[in-house]
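Peer 1: I am attaching a structure below and will ask some questions about it afterwards.
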Amino acid sequence: MLRKKIDRVLAAILLLVVFIIGGATLTLHARDFAYALTKGYTNYLKQDGRPLAGASARISALTSTINRTLLGKDAFEGLNIRLQMALGKQMFSLGGSTMVKLKTGQLYDLLGKTDIQDDIKKMTDLQQNLKDLGIPMLYVYPHSYLYEDNMLPDGITDTNVQVANELVSGLRAADIPVIDSRETAKAAGLTLDQEIYRTDQHWATPNLFAAFQATAAKLNEMGFAIDPSLYASDRFTSDVYAQMHMGQVGDRLGPSLIKPDDFVLMQPAYDTMLHKKIVNGTKTEEVSGTFKDLLNWKLIDEAKENGVANLYSVYGNHDAENWYVNDKVSTGRILISKDSYGTPFVDFLVLTAHEVLAVDMRKSSRSIEDYAREFKPDIVIVAHSQAMLREANYVFVE
């Protein structure tokens with residue numbers, strides 16, 4: 001009898017906690033849930049005419065929103081992985097993904113088998129559709145981790161490199177020019193810590209800068225008149241904030257379990273003047289200033305005050321649309337479809353053109369061709385990492 005009472009009390013407490021967490025999440029993020037059900041679901045509709053496509057898309061959008069906003073989620077995940085690491089495990093469950101600890105110390109999302117041929121077909125179709133509009137296309141591939149061989153724990157298999165090779169070779173076989181960050185990092189002679197972070201899944205500043213330089217040079221090769229001095233290494237300064245960067249994974253675990261990264265802040269030493277319009281749904285913000293003025297210095301101050309901060313966003317937040325006008329360059333219009341890898345990459349790219357529009361297709365129900373017809377760019381750059389390709393929850397090709 002006593003045991004039944006205890007079970008009932010514990011069940012009641014559990015239900016109460018669930019209702020409190022659910023109610024607080026709903027109250028704090030009501031607008032996010034409303035958007036997911038009324039507009040956000042359109043991002044998941046990749047094809048018309050599928051049975052129950054609308055209902056399935058709404059469920060996917062709602063599930064994604066719950067996973068992103070659930071009260072206490074990060075704390076529970078952090079506690080869970082701390083326990084797993086304390087037990088000496090090499091493979092962990094974190095936020096719905098499976099992670100492994102690389103031999104070099106980084107935590108890495110273990111990627112499963114994926115058929116990349118559909119993505120290659122989409123890019124090929126996009127290139128043809130843009131060609132019909134008189135617009136060329138360039139693909140910039142930011143690789144995630146595994147820049148060196150033999151990084152995975154013994155007995156662990158992963159398809160990251162295989163998918164990357166198939167993607168790059170498939171695009172090039174379709175005569176789509178490609179910038180591969182693995183190749184540009186090697187050509188620049190970067191070391192592993194200059195290529196990737198141990199506390200995050202994003203590329204480090206020297207790596208994205210090498211890709212930016214290669215992209216600008218490729219644009220010149222394709223016939224665009226970009227002043228080479230705008231991307232010359234000796235015209236940029238570098239400041240190192242030693243062991244001050246903690247990425248998304250590092251934020252959850254803390255410096256006691258994962259060593260902070262060095263953060264290299266690179267910026268042009270020449271005169272700049274930029275105008276930037278930031279669009280997120282119905283919210284619009286406009287800012288103007290030099291390249292330095294537009295950096296998020298509050299994060300640098302936070303890192304100096306607290307010892308660490310997530311400095312990846314020093315170059316800007318991950319917005320739906322960013323419209324740039326560069327007063328110092330008189331020609332060039334670039335449209336770029338990007339993910340979080342592209343956020344700091346775009347900030348450098350705007351130095352080479354008069355106008356740049358950067359969009360995240362996962363935050364829009366429009367296609368890249370729709371943006372192209374409106375913006376009328378000289379070129380479209382697609383900068384999608386494997387993470388974005390594997391999600392495929394966005395409208396891309398009409």
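In the structure tokens, each chain is lettered A, B, ... as it comes, each chain's residues begin at 1, and ligands are numbered from 1 in order of appearance.
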Contacts of A:His354 at 9 Å or less, counting only C-alpha atoms, minus same-chain residues fewer than 3 places along, as number ranges by chain?
Peer 2: A: 324-334, 350-351
Peer 1: Using only C-alpha atoms, which protein or nucleic acid residues come within 10 Å of A:Val346? Drop anything in the same chain fewer than 3 positions from it, and give the result as a list in words.
Peer 2: Leu208, Phe212, Tyr315, Gly316, Asn322, Tyr324, Ile336, Ser337, Lys338, Tyr341, Gly342, Thr343, Leu349, Val350, Leu351, Val356, Leu357, Ala358 and Ala383 of chain A
Peer 1: Can you measure atom CA of A:Tyr145 to atom CA of A:Asp360 for me? One decimal in Å is fine.
Peer 2: 21.8 Å
Peer 1: Can you pull out every residue within 8 Å of A:Asp109, counting only C-alpha atoms, but drop anything in the same chain fewer than 3 positions away, and send it as JSON, numbers by chain?
Peer 2: {"A": [97, 98, 99, 100, 201]}
Peer 1: Output C-alpha atoms for every residue in that selection, as a short mmCIF file (atom, residue, chain, number, x, y, z; two decimals), in the first residue's frame.
Peer 2:
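The file below, selection.cif, is the result:
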```cif
data_model
loop_
_atom_site.label_atom_id
_atom_site.label_comp_id
_atom_site.auth_asym_id
_atom_site.auth_seq_id
_atom_site.Cartn_x
_atom_site.Cartn_y
_atom_site.Cartn_z
CA SER A 97 22.34 13.99 -32.33
CA THR A 98 25.07 11.45 -31.74
CA MET A 99 28.49 12.92 -30.99
CA VAL A 100 31.92 11.36 -30.69
CA GLN A 201 31.01 22.73 -35.28
#
```
Peer 1: Please provide the set of residues having any atom within 12 Å of A:Glu221, restricted to only C-alpha atoms, with same-chain residues fewer than 6 positions apart removed, written as a list in words.
Peer 2: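 Result of the neighbour search: Leu138, Pro177, Ala214, Thr215 and Pro228 of chain A.
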Peer 1: Which residue gives the smallest distance to A:Ala204 among A:His275, A:His143, A:Lys304, A:Arg390, with only C-alpha atoms counted?
Peer 2: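 Selected residue with least distance to A:Ala204: A:His143.
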Peer 1: Suppose you want the space between atom CA of A:Asp347 and atom CA of A:Asp319; what is it in Å?
Peer 2: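 One can read the atom CA of A:Asp347 to atom CA of A:Asp319 distance as 12.5 Å.
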Peer 1: Per DSSP on the backbone, filter stretch 76-189 of chain A down to the residues in helix (DSSP H, G or I) and report them as a ChimeraX atom specification.
Peer 2: /A:76-86,117-132,160-173,181-187
Peer 1: Let me see the file: selected residues, N, CA and C atoms, as a short mmCIF file (atom, residue, chain, number, x, y, z; two decimals), in the first residue's frame.
Peer 2:
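What ended up in selection.cif:
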```cif
data_model
loop_
_atom_site.label_atom_id
_atom_site.label_comp_id
_atom_site.auth_asym_id
_atom_site.auth_seq_id
_atom_site.Cartn_x
_atom_site.Cartn_y
_atom_site.Cartn_z
N PHE A 76 19.57 20.20 -19.02
CA PHE A 76 19.47 18.74 -18.95
C PHE A 76 20.47 18.07 -19.88
N GLU A 77 20.62 18.63 -21.09
CA GLU A 77 21.56 18.05 -22.04
C GLU A 77 22.99 18.16 -21.51
N GLY A 78 23.31 19.33 -20.94
CA GLY A 78 24.64 19.52 -20.39
C GLY A 78 24.94 18.54 -19.28
N LEU A 79 23.98 18.34 -18.37
CA LEU A 79 24.16 17.39 -17.27
C LEU A 79 24.33 15.98 -17.82
N ASN A 80 23.53 15.62 -18.83
CA ASN A 80 23.59 14.29 -19.41
C ASN A 80 24.97 14.00 -20.01
N ILE A 81 25.49 14.94 -20.80
CA ILE A 81 26.77 14.68 -21.45
C ILE A 81 27.92 14.73 -20.44
N ARG A 82 27.77 15.55 -19.39
CA ARG A 82 28.78 15.55 -18.34
C ARG A 82 28.90 14.18 -17.69
N LEU A 83 27.75 13.56 -17.44
CA LEU A 83 27.76 12.22 -16.85
C LEU A 83 28.39 11.21 -17.80
N GLN A 84 28.05 11.34 -19.08
CA GLN A 84 28.61 10.41 -20.07
C GLN A 84 30.13 10.56 -20.18
N MET A 85 30.61 11.81 -20.16
CA MET A 85 32.05 12.04 -20.26
C MET A 85 32.76 11.56 -19.00
N ALA A 86 32.10 11.74 -17.84
CA ALA A 86 32.70 11.29 -16.58
C ALA A 86 32.86 9.78 -16.55
N GLN A 117 22.79 12.79 -54.06
CA GLN A 117 22.50 12.98 -55.48
C GLN A 117 21.33 13.95 -55.70
N ASP A 118 20.34 13.92 -54.78
CA ASP A 118 19.21 14.83 -54.93
C ASP A 118 19.65 16.28 -54.79
N ASP A 119 20.61 16.53 -53.88
CA ASP A 119 21.13 17.88 -53.71
C ASP A 119 21.92 18.33 -54.93
N ILE A 120 22.69 17.41 -55.49
CA ILE A 120 23.44 17.75 -56.71
C ILE A 120 22.48 18.08 -57.84
N LYS A 121 21.38 17.31 -57.94
CA LYS A 121 20.38 17.57 -58.97
C LYS A 121 19.75 18.96 -58.77
N LYS A 122 19.45 19.32 -57.51
CA LYS A 122 18.88 20.63 -57.23
C LYS A 122 19.83 21.75 -57.65
N MET A 123 21.11 21.57 -57.36
CA MET A 123 22.09 22.59 -57.74
C MET A 123 22.22 22.69 -59.25
N THR A 124 22.17 21.55 -59.92
CA THR A 124 22.25 21.55 -61.38
C THR A 124 21.04 22.26 -61.98
N ASP A 125 19.86 21.97 -61.43
CA ASP A 125 18.64 22.63 -61.89
C ASP A 125 18.71 24.14 -61.62
N LEU A 126 19.22 24.49 -60.44
CA LEU A 126 19.34 25.90 -60.10
C LEU A 126 20.27 26.61 -61.06
N GLN A 127 21.41 25.98 -61.34
CA GLN A 127 22.36 26.60 -62.27
C GLN A 127 21.71 26.86 -63.63
N GLN A 128 20.92 25.89 -64.11
CA GLN A 128 20.27 26.05 -65.41
C GLN A 128 19.21 27.16 -65.35
N ASN A 129 18.43 27.19 -64.28
CA ASN A 129 17.41 28.22 -64.13
C ASN A 129 18.03 29.62 -64.05
N LEU A 130 19.16 29.72 -63.34
CA LEU A 130 19.85 31.00 -63.25
C LEU A 130 20.47 31.38 -64.59
N LYS A 131 20.97 30.36 -65.30
CA LYS A 131 21.54 30.61 -66.63
C LYS A 131 20.49 31.19 -67.56
N ASP A 132 19.26 30.70 -67.44
CA ASP A 132 18.16 31.23 -68.25
C ASP A 132 17.89 32.70 -67.91
N ASN A 160 30.93 11.77 -43.44
CA ASN A 160 31.18 13.19 -43.71
C ASN A 160 32.07 13.38 -44.93
N VAL A 161 33.23 12.77 -44.92
CA VAL A 161 34.20 12.95 -46.01
C VAL A 161 33.68 12.34 -47.30
N GLN A 162 33.04 11.18 -47.19
CA GLN A 162 32.49 10.53 -48.39
C GLN A 162 31.45 11.41 -49.06
N VAL A 163 30.53 11.95 -48.27
CA VAL A 163 29.49 12.81 -48.82
C VAL A 163 30.11 14.09 -49.40
N ALA A 164 31.10 14.63 -48.72
CA ALA A 164 31.77 15.83 -49.22
C ALA A 164 32.42 15.59 -50.57
N ASN A 165 33.10 14.44 -50.68
CA ASN A 165 33.75 14.11 -51.95
C ASN A 165 32.74 13.93 -53.07
N GLU A 166 31.61 13.26 -52.76
CA GLU A 166 30.58 13.04 -53.77
C GLU A 166 29.94 14.36 -54.18
N LEU A 167 29.72 15.25 -53.21
CA LEU A 167 29.12 16.54 -53.51
C LEU A 167 30.02 17.37 -54.41
N VAL A 168 31.27 17.55 -54.00
CA VAL A 168 32.19 18.40 -54.76
C VAL A 168 32.45 17.84 -56.16
N SER A 169 32.70 16.53 -56.24
CA SER A 169 32.96 15.93 -57.56
C SER A 169 31.72 15.96 -58.43
N GLY A 170 30.54 15.76 -57.82
CA GLY A 170 29.29 15.78 -58.59
C GLY A 170 28.99 17.15 -59.14
N LEU A 171 29.22 18.19 -58.34
CA LEU A 171 28.99 19.56 -58.81
C LEU A 171 29.96 19.93 -59.91
N ARG A 172 31.21 19.56 -59.73
CA ARG A 172 32.21 19.88 -60.76
C ARG A 172 31.95 19.12 -62.05
N ALA A 173 31.45 17.89 -61.93
CA ALA A 173 31.10 17.13 -63.12
C ALA A 173 29.95 17.78 -63.89
N SER A 181 36.50 24.27 -48.95
CA SER A 181 37.31 24.80 -47.84
C SER A 181 38.43 23.86 -47.44
N ARG A 182 38.29 22.57 -47.72
CA ARG A 182 39.39 21.64 -47.42
C ARG A 182 40.60 21.96 -48.28
N GLU A 183 40.33 22.29 -49.54
CA GLU A 183 41.41 22.61 -50.47
C GLU A 183 42.03 23.98 -50.16
N THR A 184 41.18 24.96 -49.83
CA THR A 184 41.72 26.29 -49.55
C THR A 184 42.49 26.32 -48.23
N ALA A 185 42.05 25.53 -47.25
CA ALA A 185 42.77 25.46 -45.98
C ALA A 185 44.14 24.84 -46.17
N LYS A 186 44.20 23.80 -46.99
CA LYS A 186 45.48 23.13 -47.26
C LYS A 186 46.41 24.07 -48.02
N ALA A 187 45.85 24.78 -49.01
CA ALA A 187 46.66 25.70 -49.81
C ALA A 187 47.21 26.84 -48.95
#
```
Peer 1: Go through A:Asn317, A:Pro344, A:Ala242, A:Asn280 and flag the residue nearest A:Met266, using only C-alpha atoms for the distances.
Peer 2: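 Among the listed residues, the smallest separation from A:Met266 belongs to A:Pro344.
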Peer 1: Counting only C-alpha atoms, which of A:Val287, A:Leu230, A:Val279, A:Leu311 gets nearest to A:Leu265?
Peer 2: A:Leu311
Peer 1: Fewer than 6 positions away in the same chain doesn't count, so skip those; otherwise give me all residues within 7 Å of A:His384, counting only C-alpha atoms, as a list in words.
Peer 2: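 Those residues are Tyr141, Pro142, Lys338 and Asp339 of chain A.
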Peer 1: Write out, as a PDB file, in the first residue's frame, the residues just selected, with N, CA and C atoms.
Peer 2:
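Output saved as result-v6.pdb:
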```pdb
ATOM      1  N   TYR A 141      31.759  25.421 -50.580  1.00  0.00           N
ATOM      2  CA  TYR A 141      31.467  24.334 -49.643  1.00  0.00           C
ATOM      3  C   TYR A 141      32.302  24.487 -48.367  1.00  0.00           C
ATOM      4  N   PRO A 142      31.661  24.837 -47.223  1.00  0.00           N
ATOM      5  CA  PRO A 142      32.368  24.860 -45.941  1.00  0.00           C
ATOM      6  C   PRO A 142      32.304  23.476 -45.300  1.00  0.00           C
ATOM      7  N   LYS A 338      23.028  31.013 -47.789  1.00  0.00           N
ATOM      8  CA  LYS A 338      24.016  30.556 -46.808  1.00  0.00           C
ATOM      9  C   LYS A 338      23.360  29.987 -45.566  1.00  0.00           C
ATOM     10  N   ASP A 339      24.171  29.337 -44.751  1.00  0.00           N
ATOM     11  CA  ASP A 339      23.749  28.888 -43.422  1.00  0.00           C
ATOM     12  C   ASP A 339      24.639  29.597 -42.399  1.00  0.00           C
TER      13      ASP A 339
END
```
Peer 1: Would you compute the distance between atom CA of A:Trp297 and atom CA of A:His318? Give it in Å to one decimal.
Peer 2: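 Pair atom CA of A:Trp297 / atom CA of A:His318 returns 16.1 Å.
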Peer 1: Identify which of the residues A:Gly189, A:Pro268, A:Pro255, A:Gly307 lies closest to A:Asp239, counting only C-alpha atoms when measuring atom-to-atom distances.
Peer 2: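 Between A:Gly189, A:Pro268, A:Pro255, A:Gly307, the residue approaching A:Asp239 most closely is A:Pro268.
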